[in-house]
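Below is entry.cif, holding mmCIF, C-alpha atoms.
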```cif
data_start
loop_
_atom_site.group_PDB
_atom_site.id
_atom_site.type_symbol
_atom_site.label_atom_id
_atom_site.label_comp_id
_atom_site.auth_asym_id
_atom_site.auth_seq_id
_atom_site.Cartn_x
_atom_site.Cartn_y
_atom_site.Cartn_z
ATOM 1 C CA MET R 1 -13.049 7.803 -1.899
ATOM 2 C CA THR R 2 -15.333 9.054 0.816
ATOM 3 C CA LEU R 3 -14.416 10.148 4.292
ATOM 4 C CA THR R 4 -17.098 10.490 6.954
ATOM 5 C CA THR R 5 -16.534 12.647 10.010
ATOM 6 C CA THR R 6 -18.077 12.151 13.425
ATOM 7 C CA GLU R 7 -17.639 14.613 16.290
ATOM 8 C CA THR R 8 -17.171 13.272 19.791
ATOM 9 C CA ASP R 9 -16.094 14.971 22.993
ATOM 10 C CA GLY R 10 -12.537 16.067 22.369
ATOM 11 C CA ALA R 11 -11.936 14.279 19.089
ATOM 12 C CA ARG R 12 -13.016 14.148 15.496
ATOM 13 C CA ILE R 13 -13.337 10.671 14.032
ATOM 14 C CA ILE R 14 -12.703 10.373 10.304
ATOM 15 C CA THR R 15 -13.843 7.083 8.834
ATOM 16 C CA VAL R 16 -12.346 5.863 5.556
ATOM 17 C CA ASN R 17 -15.169 4.362 3.502
ATOM 18 C CA ALA R 18 -12.914 2.468 1.104
ATOM 19 C CA ASP R 19 -11.232 -0.907 1.156
ATOM 20 C CA ARG R 20 -7.863 0.405 -0.040
ATOM 21 C CA ILE R 21 -5.598 3.422 0.279
ATOM 22 C CA ASP R 22 -3.193 3.037 -2.614
ATOM 23 C CA ALA R 23 -1.062 4.997 -5.068
ATOM 24 C CA ALA R 24 -4.045 5.716 -7.329
ATOM 25 C CA MET R 25 -5.820 7.637 -4.569
ATOM 26 C CA ALA R 26 -3.030 8.837 -2.282
ATOM 27 C CA ILE R 27 -3.058 12.477 -3.427
ATOM 28 C CA GLN R 28 -6.854 12.690 -3.239
ATOM 29 C CA PHE R 29 -6.786 11.150 0.231
ATOM 30 C CA LYS R 30 -4.305 13.757 1.442
ATOM 31 C CA GLU R 31 -6.435 16.595 0.033
ATOM 32 C CA ASP R 32 -9.646 15.154 1.493
ATOM 33 C CA MET R 33 -7.965 14.816 4.877
ATOM 34 C CA ARG R 34 -6.956 18.466 4.787
ATOM 35 C CA GLU R 35 -10.518 19.463 4.030
ATOM 36 C CA LYS R 36 -11.870 17.350 6.905
ATOM 37 C CA THR R 37 -9.319 18.467 9.505
ATOM 38 C CA ASP R 38 -8.681 22.164 8.816
ATOM 39 C CA PRO R 39 -9.898 23.600 11.064
ATOM 40 C CA GLY R 40 -10.626 20.995 13.697
ATOM 41 C CA PRO R 41 -10.001 19.788 17.236
ATOM 42 C CA GLU R 42 -6.604 18.874 18.603
ATOM 43 C CA ARG R 43 -7.204 15.144 18.342
ATOM 44 C CA VAL R 44 -8.198 13.428 15.119
ATOM 45 C CA ILE R 45 -8.813 9.681 14.942
ATOM 46 C CA LEU R 46 -8.621 7.949 11.581
ATOM 47 C CA ASP R 47 -10.890 4.902 11.489
ATOM 48 C CA LEU R 48 -9.259 2.382 9.141
ATOM 49 C CA SER R 49 -11.508 -0.575 9.905
ATOM 50 C CA SER R 50 -12.805 -0.828 6.308
ATOM 51 C CA VAL R 51 -9.317 -0.694 4.783
ATOM 52 C CA THR R 52 -7.953 -4.123 3.892
ATOM 53 C CA PHE R 53 -5.050 -2.965 1.702
ATOM 54 C CA ILE R 54 -2.543 -0.127 1.932
ATOM 55 C CA ASP R 55 0.679 0.400 -0.018
ATOM 56 C CA SER R 56 3.613 2.686 0.724
ATOM 57 C CA SER R 57 1.954 5.559 -1.146
ATOM 58 C CA GLY R 58 -1.097 5.197 1.082
ATOM 59 C CA LEU R 59 1.143 5.053 4.131
ATOM 60 C CA GLY R 60 2.888 8.219 2.935
ATOM 61 C CA ALA R 61 -0.479 9.939 2.530
ATOM 62 C CA ILE R 62 -1.402 9.142 6.145
ATOM 63 C CA VAL R 63 1.978 10.488 7.303
ATOM 64 C CA ALA R 64 1.358 13.623 5.224
ATOM 65 C CA ALA R 65 -2.130 13.979 6.752
ATOM 66 C CA MET R 66 -0.605 13.818 10.220
ATOM 67 C CA LYS R 67 2.065 16.414 9.344
ATOM 68 C CA GLN R 68 -0.424 18.841 7.833
ATOM 69 C CA LEU R 69 -2.400 18.878 11.124
ATOM 70 C CA GLY R 70 0.393 21.046 12.484
ATOM 71 C CA ASP R 71 1.866 21.592 15.940
ATOM 72 C CA GLY R 72 -0.093 20.573 18.982
ATOM 73 C CA ARG R 73 -2.486 18.299 17.129
ATOM 74 C CA ARG R 74 -2.356 14.542 16.762
ATOM 75 C CA LEU R 75 -3.627 11.873 14.421
ATOM 76 C CA ASP R 76 -4.414 8.532 16.038
ATOM 77 C CA LEU R 77 -5.256 5.412 14.049
ATOM 78 C CA ALA R 78 -7.987 2.950 14.942
ATOM 79 C CA GLY R 79 -9.308 -0.359 13.667
ATOM 80 C CA LEU R 80 -6.273 -1.504 11.689
ATOM 81 C CA THR R 81 -6.886 -4.745 9.797
ATOM 82 C CA PRO R 82 -4.017 -7.299 9.872
ATOM 83 C CA MET R 83 -2.502 -6.299 6.511
ATOM 84 C CA VAL R 84 -2.569 -2.580 7.345
ATOM 85 C CA GLU R 85 -1.142 -3.197 10.806
ATOM 86 C CA LYS R 86 1.710 -5.206 9.232
ATOM 87 C CA VAL R 87 2.689 -2.325 6.918
ATOM 88 C CA PHE R 88 2.849 0.056 9.893
ATOM 89 C CA ARG R 89 4.918 -2.464 11.850
ATOM 90 C CA LEU R 90 7.395 -3.260 9.040
ATOM 91 C CA THR R 91 8.056 0.433 8.373
ATOM 92 C CA ARG R 92 8.153 1.131 12.134
ATOM 93 C CA MET R 93 5.459 3.764 11.676
ATOM 94 C CA ASP R 94 3.731 1.975 14.569
ATOM 95 C CA THR R 95 6.274 3.814 16.760
ATOM 96 C CA VAL R 96 5.179 7.202 15.399
ATOM 97 C CA PHE R 97 1.392 6.851 15.541
ATOM 98 C CA THR R 98 -0.744 5.647 18.415
ATOM 99 C CA LEU R 99 -2.635 2.612 17.141
ATOM 100 C CA PHE R 100 -5.908 1.400 18.617
ATOM 101 C CA SER R 101 -7.362 -1.971 17.695
ATOM 102 C CA SER R 102 -10.848 -0.473 17.485
ATOM 103 C CA LEU R 103 -12.653 2.849 17.551
ATOM 104 C CA GLU R 104 -14.111 1.901 20.934
ATOM 105 C CA ASP R 105 -10.553 1.529 22.287
ATOM 106 C CA ALA R 106 -9.580 4.913 20.865
ATOM 107 C CA VAL R 107 -12.616 6.685 22.346
ATOM 108 C CA PRO R 108 -13.646 5.025 25.613
ATOM 109 C CA GLY R 109 -17.355 5.319 26.182
ATOM 110 C CA LEU R 110 -18.075 5.710 22.497
ATOM 111 C CA ASP R 111 -21.390 4.189 21.603
ATOM 112 C CA SER R 112 -20.692 2.308 18.412
ATOM 113 C CA GLY R 113 -24.309 2.878 17.395
ATOM 114 C CA SER R 114 -25.668 6.056 15.888
ATOM 115 C CA SER R 115 -25.680 8.396 18.865
ATOM 116 C CA ALA R 116 -21.919 9.044 19.094
ATOM 117 C CA GLY R 117 -22.111 12.496 17.656
ATOM 118 C CA SER R 118 -23.083 14.539 14.689
ATOM 119 C CA ARG R 119 -22.177 13.264 11.279
ATOM 120 C CA HIS R 120 -21.165 15.541 8.455
ATOM 121 C CA MET A 121 -6.463 -16.637 -20.466
ATOM 122 C CA VAL A 122 -6.329 -20.332 -19.621
ATOM 123 C CA PRO A 123 -3.371 -21.087 -17.384
ATOM 124 C CA GLN A 124 -0.800 -23.323 -19.039
ATOM 125 C CA GLN A 125 0.689 -26.348 -17.346
ATOM 126 C CA THR A 126 4.479 -26.167 -17.408
ATOM 127 C CA PRO A 127 6.782 -29.190 -17.278
ATOM 128 C CA ARG A 128 7.427 -28.403 -13.622
ATOM 129 C CA GLY A 129 3.755 -28.599 -12.791
ATOM 130 C CA ALA A 130 3.446 -24.871 -12.198
ATOM 131 C CA ASP A 131 0.615 -22.648 -13.402
ATOM 132 C CA ARG A 132 1.618 -19.643 -15.480
ATOM 133 C CA PHE A 133 -0.219 -16.586 -16.671
ATOM 134 C CA GLU A 134 0.634 -13.122 -17.856
ATOM 135 C CA LEU A 135 -1.145 -9.824 -18.156
ATOM 136 C CA ARG A 136 -0.411 -6.512 -19.805
ATOM 137 C CA LEU A 137 -1.283 -3.022 -18.698
ATOM 138 C CA GLU A 138 -0.632 0.624 -19.433
ATOM 139 C CA ALA A 139 1.410 2.581 -16.937
ATOM 140 C CA THR A 140 -1.334 4.346 -14.979
ATOM 141 C CA GLY A 141 -2.254 4.138 -11.320
ATOM 142 C CA THR A 142 -5.737 2.868 -12.058
ATOM 143 C CA GLU A 143 -4.522 0.183 -14.492
ATOM 144 C CA ALA A 144 -1.961 -0.877 -11.912
ATOM 145 C CA ARG A 145 -4.742 -1.273 -9.361
ATOM 146 C CA THR A 146 -6.850 -3.319 -11.775
ATOM 147 C CA ALA A 147 -3.872 -5.506 -12.691
ATOM 148 C CA LEU A 148 -3.194 -6.038 -9.024
ATOM 149 C CA THR A 149 -6.716 -7.172 -8.163
ATOM 150 C CA ASP A 150 -6.890 -9.342 -11.325
ATOM 151 C CA THR A 151 -3.589 -11.017 -10.458
ATOM 152 C CA MET A 152 -4.673 -11.701 -6.891
ATOM 153 C CA GLN A 153 -7.981 -13.194 -8.057
ATOM 154 C CA ARG A 154 -6.206 -15.460 -10.548
ATOM 155 C CA LEU A 155 -3.680 -16.573 -7.943
ATOM 156 C CA ALA A 156 -6.482 -17.328 -5.487
ATOM 157 C CA LYS A 157 -8.263 -19.459 -8.113
ATOM 158 C CA LEU A 158 -5.007 -21.323 -8.736
ATOM 159 C CA GLY A 159 -4.827 -22.175 -5.049
ATOM 160 C CA LEU A 160 -2.576 -19.512 -3.520
ATOM 161 C CA PRO A 161 -3.023 -19.851 0.260
ATOM 162 C CA SER A 162 -4.959 -16.815 1.471
ATOM 163 C CA HIS A 163 -2.525 -16.117 4.317
ATOM 164 C CA ARG A 164 0.163 -15.281 1.721
ATOM 165 C CA ALA A 165 -2.029 -12.930 -0.321
ATOM 166 C CA GLY A 166 -1.378 -9.765 1.724
ATOM 167 C CA ASP A 167 2.406 -9.783 1.355
ATOM 168 C CA ILE A 168 2.238 -10.686 -2.325
ATOM 169 C CA GLN A 169 -0.298 -7.987 -3.166
ATOM 170 C CA LEU A 170 1.804 -5.396 -1.333
ATOM 171 C CA VAL A 171 5.062 -6.327 -3.105
ATOM 172 C CA LEU A 172 3.376 -6.417 -6.501
ATOM 173 C CA ALA A 173 1.778 -3.016 -5.797
ATOM 174 C CA GLU A 174 5.135 -1.499 -4.842
ATOM 175 C CA ALA A 175 6.841 -2.941 -7.929
ATOM 176 C CA LEU A 176 4.092 -1.740 -10.308
ATOM 177 C CA ASN A 177 3.895 1.700 -8.680
ATOM 178 C CA ASN A 178 7.633 2.039 -9.144
ATOM 179 C CA VAL A 179 7.330 1.357 -12.880
ATOM 180 C CA VAL A 180 4.389 3.783 -13.257
ATOM 181 C CA GLU A 181 5.981 6.583 -11.220
ATOM 182 C CA HIS A 182 9.687 6.240 -12.015
ATOM 183 C CA ALA A 183 10.346 4.089 -15.093
ATOM 184 C CA TYR A 184 7.534 5.834 -17.010
ATOM 185 C CA GLU A 185 7.728 8.995 -14.871
ATOM 186 C CA ASN A 186 3.966 9.302 -14.288
ATOM 187 C CA THR A 187 3.334 10.015 -17.956
ATOM 188 C CA GLY A 188 0.434 7.544 -17.990
ATOM 189 C CA ARG A 189 1.950 5.927 -21.086
ATOM 190 C CA GLY A 190 4.048 2.827 -21.498
ATOM 191 C CA ALA A 191 3.516 -0.913 -21.591
ATOM 192 C CA ILE A 192 4.022 -3.170 -18.595
ATOM 193 C CA MET A 193 3.896 -6.962 -18.623
ATOM 194 C CA VAL A 194 3.415 -9.072 -15.507
ATOM 195 C CA LEU A 195 4.260 -12.794 -15.572
ATOM 196 C CA CYS A 196 3.326 -15.117 -12.731
ATOM 197 C CA GLU A 197 4.361 -18.705 -12.175
ATOM 198 C CA LEU A 198 2.769 -20.469 -9.234
ATOM 199 C CA GLY A 199 4.214 -23.808 -8.194
ATOM 200 C CA PRO A 200 3.398 -25.988 -5.204
ATOM 201 C CA GLU A 201 5.977 -24.265 -3.007
ATOM 202 C CA THR A 202 6.859 -21.000 -4.687
ATOM 203 C CA LEU A 203 5.464 -18.064 -6.595
ATOM 204 C CA ASP A 204 7.724 -16.243 -9.063
ATOM 205 C CA ILE A 205 6.693 -12.915 -10.578
ATOM 206 C CA GLY A 206 8.396 -11.040 -13.398
ATOM 207 C CA ILE A 207 7.682 -7.444 -14.396
ATOM 208 C CA VAL A 208 8.909 -6.175 -17.758
ATOM 209 C CA ASP A 209 8.838 -2.575 -18.934
ATOM 210 C CA ARG A 210 10.631 -0.331 -21.412
ATOM 211 C CA GLY A 211 10.840 2.773 -19.248
ATOM 212 C CA LYS A 212 13.844 4.396 -17.648
ATOM 213 C CA PRO A 213 16.302 2.103 -15.846
ATOM 214 C CA LEU A 214 16.622 2.006 -12.082
ATOM 215 C CA PRO A 215 19.276 4.547 -10.965
ATOM 216 C CA GLY A 216 22.706 3.091 -11.711
ATOM 217 C CA GLU A 217 20.922 0.078 -13.199
ATOM 218 C CA VAL A 218 20.989 -1.626 -9.807
ATOM 219 C CA LEU A 219 18.383 -2.512 -7.200
ATOM 220 C CA PRO A 220 17.890 0.221 -4.590
ATOM 221 C CA ALA A 221 19.019 -0.523 -1.029
ATOM 222 C CA ALA A 222 16.813 -2.306 1.443
ATOM 223 C CA GLU A 223 17.229 0.077 4.360
ATOM 224 C CA PHE A 224 14.073 1.485 5.911
ATOM 225 C CA PRO A 225 14.043 5.294 6.279
ATOM 226 C CA ASP A 226 15.063 6.730 9.646
ATOM 227 C CA LEU A 227 12.065 7.933 11.656
ATOM 228 C CA ALA A 228 14.066 9.821 14.289
ATOM 229 C CA GLY A 229 13.702 13.566 14.574
ATOM 230 C CA PRO A 230 10.762 15.955 14.593
ATOM 231 C CA LEU A 231 7.370 14.827 13.301
ATOM 232 C CA ASN A 232 7.326 17.378 10.507
ATOM 233 C CA GLY A 233 10.504 15.802 9.126
ATOM 234 C CA LEU A 234 9.034 12.307 8.873
ATOM 235 C CA PRO A 235 9.551 10.612 5.491
ATOM 236 C CA GLU A 236 6.455 10.208 3.319
ATOM 237 C CA GLY A 237 8.158 7.861 0.892
ATOM 238 C CA GLY A 238 11.162 5.609 0.452
ATOM 239 C CA PHE A 239 9.459 2.532 1.855
ATOM 240 C CA GLY A 240 8.641 0.682 -1.350
ATOM 241 C CA TRP A 241 11.918 -1.095 -2.049
ATOM 242 C CA CYS A 242 12.409 -1.935 1.632
ATOM 243 C CA LEU A 243 9.038 -3.668 1.686
ATOM 244 C CA ILE A 244 9.899 -5.543 -1.521
ATOM 245 C CA HIS A 245 13.203 -6.794 -0.070
ATOM 246 C CA GLU A 246 11.627 -7.581 3.302
ATOM 247 C CA LEU A 247 8.710 -9.646 2.022
ATOM 248 C CA THR A 248 10.279 -11.621 -0.843
ATOM 249 C CA SER A 249 12.609 -14.614 -0.797
ATOM 250 C CA TYR A 250 14.681 -13.043 -3.600
ATOM 251 C CA VAL A 251 14.668 -9.990 -5.905
ATOM 252 C CA GLN A 252 16.650 -9.637 -9.133
ATOM 253 C CA TYR A 253 16.919 -6.815 -11.622
ATOM 254 C CA ARG A 254 18.562 -6.566 -14.988
ATOM 255 C CA ARG A 255 18.580 -4.015 -17.766
ATOM 256 C CA GLU A 256 18.869 -5.388 -21.289
ATOM 257 C CA ASN A 257 17.965 -3.954 -24.701
ATOM 258 C CA GLU A 258 16.515 -0.825 -23.088
ATOM 259 C CA THR A 259 14.162 -3.046 -21.120
ATOM 260 C CA ASN A 260 13.791 -3.503 -17.349
ATOM 261 C CA PHE A 261 13.384 -7.036 -16.005
ATOM 262 C CA LEU A 262 12.428 -7.279 -12.336
ATOM 263 C CA THR A 263 11.936 -10.748 -10.886
ATOM 264 C CA PHE A 264 11.001 -11.701 -7.355
ATOM 265 C CA GLY A 265 9.694 -14.718 -5.519
ATOM 266 C CA PHE A 266 7.854 -15.968 -2.474
ATOM 267 C CA HIS A 267 7.473 -19.183 -0.555
ATOM 268 C CA VAL A 268 3.780 -19.892 -0.619
ATOM 269 C CA SER A 269 3.242 -23.120 1.286
#
```

Show me this structure written as structure tokens.
Amino acid sequence: MTLTTTETDGARIITVNADRIDAAMAIQFKEDMREKTDPGPERVILDLSSVTFIDSSGLGAIVAAMKQLGDGRRLDLAGLTPMVEKVFRLTRMDTVFTLFSSLEDAVPGLDSGSSAGSRH
Amino acid sequence: MVPQQTPRGADRFELRLEATGTEARTALTDTMQRLAKLGLPSHRAGDIQLVLAEALNNVVEHAYENTGRGAIMVLCELGPETLDIGIVDRGKPLPGEVLPAAEFPDLAGPLNGLPEGGFGWCLIHELTSYVQYRRENETNFLTFGFHVS
């Protein structure tokens, strides 16, 4: 799986370039998230707009990624597709994370083109 | 495999896989493609793929204890109104040889205490119209169904 990071004012956006976060990749996802967030700004936004399928292992990996950020930092989720949003709702994880329907909602003023920030 | 017509007018197929995460993923996408070709309404595909993923992951991780070895068979029967799926494996039984409870984990308390697992069986119970489990001849039989119309 590949994760792309984009720096904006006050937040790091991490985009998941995969259509699924499942049991077969959950451990790798958690490790990759650590690499992309440690160190990093207080606010991290996970862009899930390409993800059309997640299972409970994938959900657990996102929870683990949030926990490993540590105190005083937060992981927000953006661009949830209907299936992914349903898994968060059924497990009530939608009460733990702040969910944004799109990246533009999560980062007001974000230009969805190429000039948002520096890519790594 | 060519789907067989059953007396009830349902389409049946089966597939076999080894107990690894990647084979489970392949089996999952194969099953969903076959069901789509047989006319499964697309609005039901998300729930069904999730339940099948949870059930297969459970066999890979617990029945076969992540050894990467062990045979799994998946049987699907799609009728006009219902989809029934059976999963057969010869791994360890479910604890106490009964289905785990359907209660979602408690999310109260500090963030660093949040559960990272324990959601699989709850999702299976929540999204199916029935779930049955039996242990016989050192074999696990898990069966579950959906309304598909």

What is the atom CA of A:Cys196-atom CA of A:Phe133 distance in Å, reported with one decimal? 5.5 Å

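Between atom CA of R:Met25 and atom CA of A:Ile192 there is a distance of 20.3 Å.
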
Up to 12 Å from chain R, what residues of chain A turn up? Count only C-alpha atoms and give them as a VMD selection string. chain A and resid 139 to 146 148 to 149 162 to 178 180 to 181 186 188 222 to 247

Kindly give the distance, in Å, that separates atom CA of A:Asn257 and atom CA of A:Ala221, rounded to a single decimal.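 Rounded to one decimal, the two atoms are 23.9 Å apart.
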
For each of A:Arg189, A:Arg254, A:Arg154, A:Arg132, take the minimum atom-to-atom distance to A:Ile205, counting only C-alpha atoms, then give the residue where this is smallest.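 Result for the nearest residue to A:Ile205: A:Arg132.
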
Using only C-alpha atoms - which residues lie no farther than 6 Å from the point (12.2, -10.1, -16.3) in the file's frame? Write them as a list in words. Gly206, Ile207, Val208, Phe261, Leu262 and Thr263 of chain A

Which residue is closest to R:Ala11? Choose from R:Ile45, R:Leu110, R:Leu99, R:Ile27 and count all atoms listed in the file.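 Counting all atoms listed in the file, the residue closest to R:Ala11 is R:Ile45.
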
Translate the PyMOL selection byres ((chain A and resi 201) around 10), as applied to the file shown, into an explicit residue set as a list in words.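 What the PyMOL selection byres ((chain A and resi 201) around 10) grabs from the file is Ala130, Leu160, Leu198, Gly199, Pro200, Thr202, Leu203, Phe266, His267, Val268 and Ser269 of chain A.
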
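Near R:Leu48, within a cut-off of 8 Å and counting only C-alpha atoms, sit the residues Thr15, Val16, Leu77, Ala78, Gly79, Leu80 and Thr81 of chain R, with same-chain residues fewer than 5 positions away left out.
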
Padding 8 Å on every side, please: axis-aligned box over the listed atoms of stretch 106-111 of chain R, centre and edge lengths to one decimal in Å, as JSON.
```
{"center_x": -15.5, "center_y": 5.4, "center_z": 23.5, "size_x": 27.8, "size_y": 18.5, "size_z": 21.3}
```

A:Tyr253, A:Thr151, A:Pro213, A:Gly129: which is nearest A:Leu195, counting all atoms listed in the file? A:Thr151

List the neighbours of A:Tyr184 out to 8 Å using all atoms listed in the file; skip same-chain residues closer than 6 positions along the sequence, and give me the result as a list of chain:residue names. A:Ala139, A:Gly190, A:Gly211, A:Lys212

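Comparing the minimum interatomic distances between R:Arg74 and each of R:Glu31, R:Ile13, R:Ser50, R:Gly109, counting all atoms listed in the file, we find that R:Ile13 sits nearest.
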
Could you check the closest approach to R:Asn17 for each of R:Lys30, R:Ala106, R:Leu3, R:Phe88 and tell me which residue wins, using all atoms listed in the file?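 Among the listed residues, the smallest separation from R:Asn17 belongs to R:Leu3.
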
Please rebuild stretch 188-207 of chain A with N, CA and C atoms and give the result as a CSV table (one decimal), keeping the file's coordinate frame.
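Below is the file that was written, result28.csv:
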```
chain,number,residue,atom,x,y,z
A,188,GLY,N,1.7,8.2,-17.7
A,188,GLY,CA,0.4,7.5,-18.0
A,188,GLY,C,0.5,6.7,-19.3
A,189,ARG,N,1.7,6.7,-19.8
A,189,ARG,CA,2.0,5.9,-21.1
A,189,ARG,C,3.1,5.0,-20.9
A,190,GLY,N,3.0,3.8,-21.6
A,190,GLY,CA,4.0,2.8,-21.5
A,190,GLY,C,3.5,1.5,-21.1
A,191,ALA,N,4.0,0.4,-21.8
A,191,ALA,CA,3.5,-0.9,-21.6
A,191,ALA,C,4.2,-1.6,-20.4
A,192,ILE,N,3.5,-2.3,-19.7
A,192,ILE,CA,4.0,-3.2,-18.6
A,192,ILE,C,3.5,-4.6,-18.8
A,193,MET,N,4.3,-5.6,-18.6
A,193,MET,CA,3.9,-7.0,-18.6
A,193,MET,C,4.2,-7.6,-17.3
A,194,VAL,N,3.2,-8.3,-16.8
A,194,VAL,CA,3.4,-9.1,-15.5
A,194,VAL,C,3.3,-10.6,-15.8
A,195,LEU,N,4.3,-11.3,-15.4
A,195,LEU,CA,4.3,-12.8,-15.6
A,195,LEU,C,4.3,-13.5,-14.2
A,196,CYS,N,3.4,-14.4,-14.0
A,196,CYS,CA,3.3,-15.1,-12.7
A,196,CYS,C,3.5,-16.6,-13.0
A,197,GLU,N,4.2,-17.2,-12.1
A,197,GLU,CA,4.4,-18.7,-12.2
A,197,GLU,C,4.2,-19.3,-10.8
A,198,LEU,N,3.1,-19.9,-10.6
A,198,LEU,CA,2.8,-20.5,-9.2
A,198,LEU,C,3.0,-22.0,-9.2
A,199,GLY,N,4.0,-22.4,-8.4
A,199,GLY,CA,4.2,-23.8,-8.2
A,199,GLY,C,3.7,-24.2,-6.8
A,200,PRO,N,3.9,-25.5,-6.5
A,200,PRO,CA,3.4,-26.0,-5.2
A,200,PRO,C,4.0,-25.3,-4.0
A,201,GLU,N,5.3,-24.9,-4.1
A,201,GLU,CA,6.0,-24.3,-3.0
A,201,GLU,C,6.3,-22.8,-3.2
A,202,THR,N,6.4,-22.4,-4.4
A,202,THR,CA,6.9,-21.0,-4.7
A,202,THR,C,6.0,-20.3,-5.7
A,203,LEU,N,6.1,-18.9,-5.6
A,203,LEU,CA,5.5,-18.1,-6.6
A,203,LEU,C,6.6,-17.2,-7.1
A,204,ASP,N,6.8,-17.1,-8.4
A,204,ASP,CA,7.7,-16.2,-9.1
A,204,ASP,C,7.0,-15.2,-9.9
A,205,ILE,N,7.3,-14.0,-9.8
A,205,ILE,CA,6.7,-12.9,-10.6
A,205,ILE,C,7.8,-12.1,-11.3
A,206,GLY,N,7.5,-11.9,-12.6
A,206,GLY,CA,8.4,-11.0,-13.4
A,206,GLY,C,7.6,-9.8,-13.9
A,207,ILE,N,8.3,-8.7,-13.9
A,207,ILE,CA,7.7,-7.4,-14.4
A,207,ILE,C,8.6,-6.9,-15.4
```
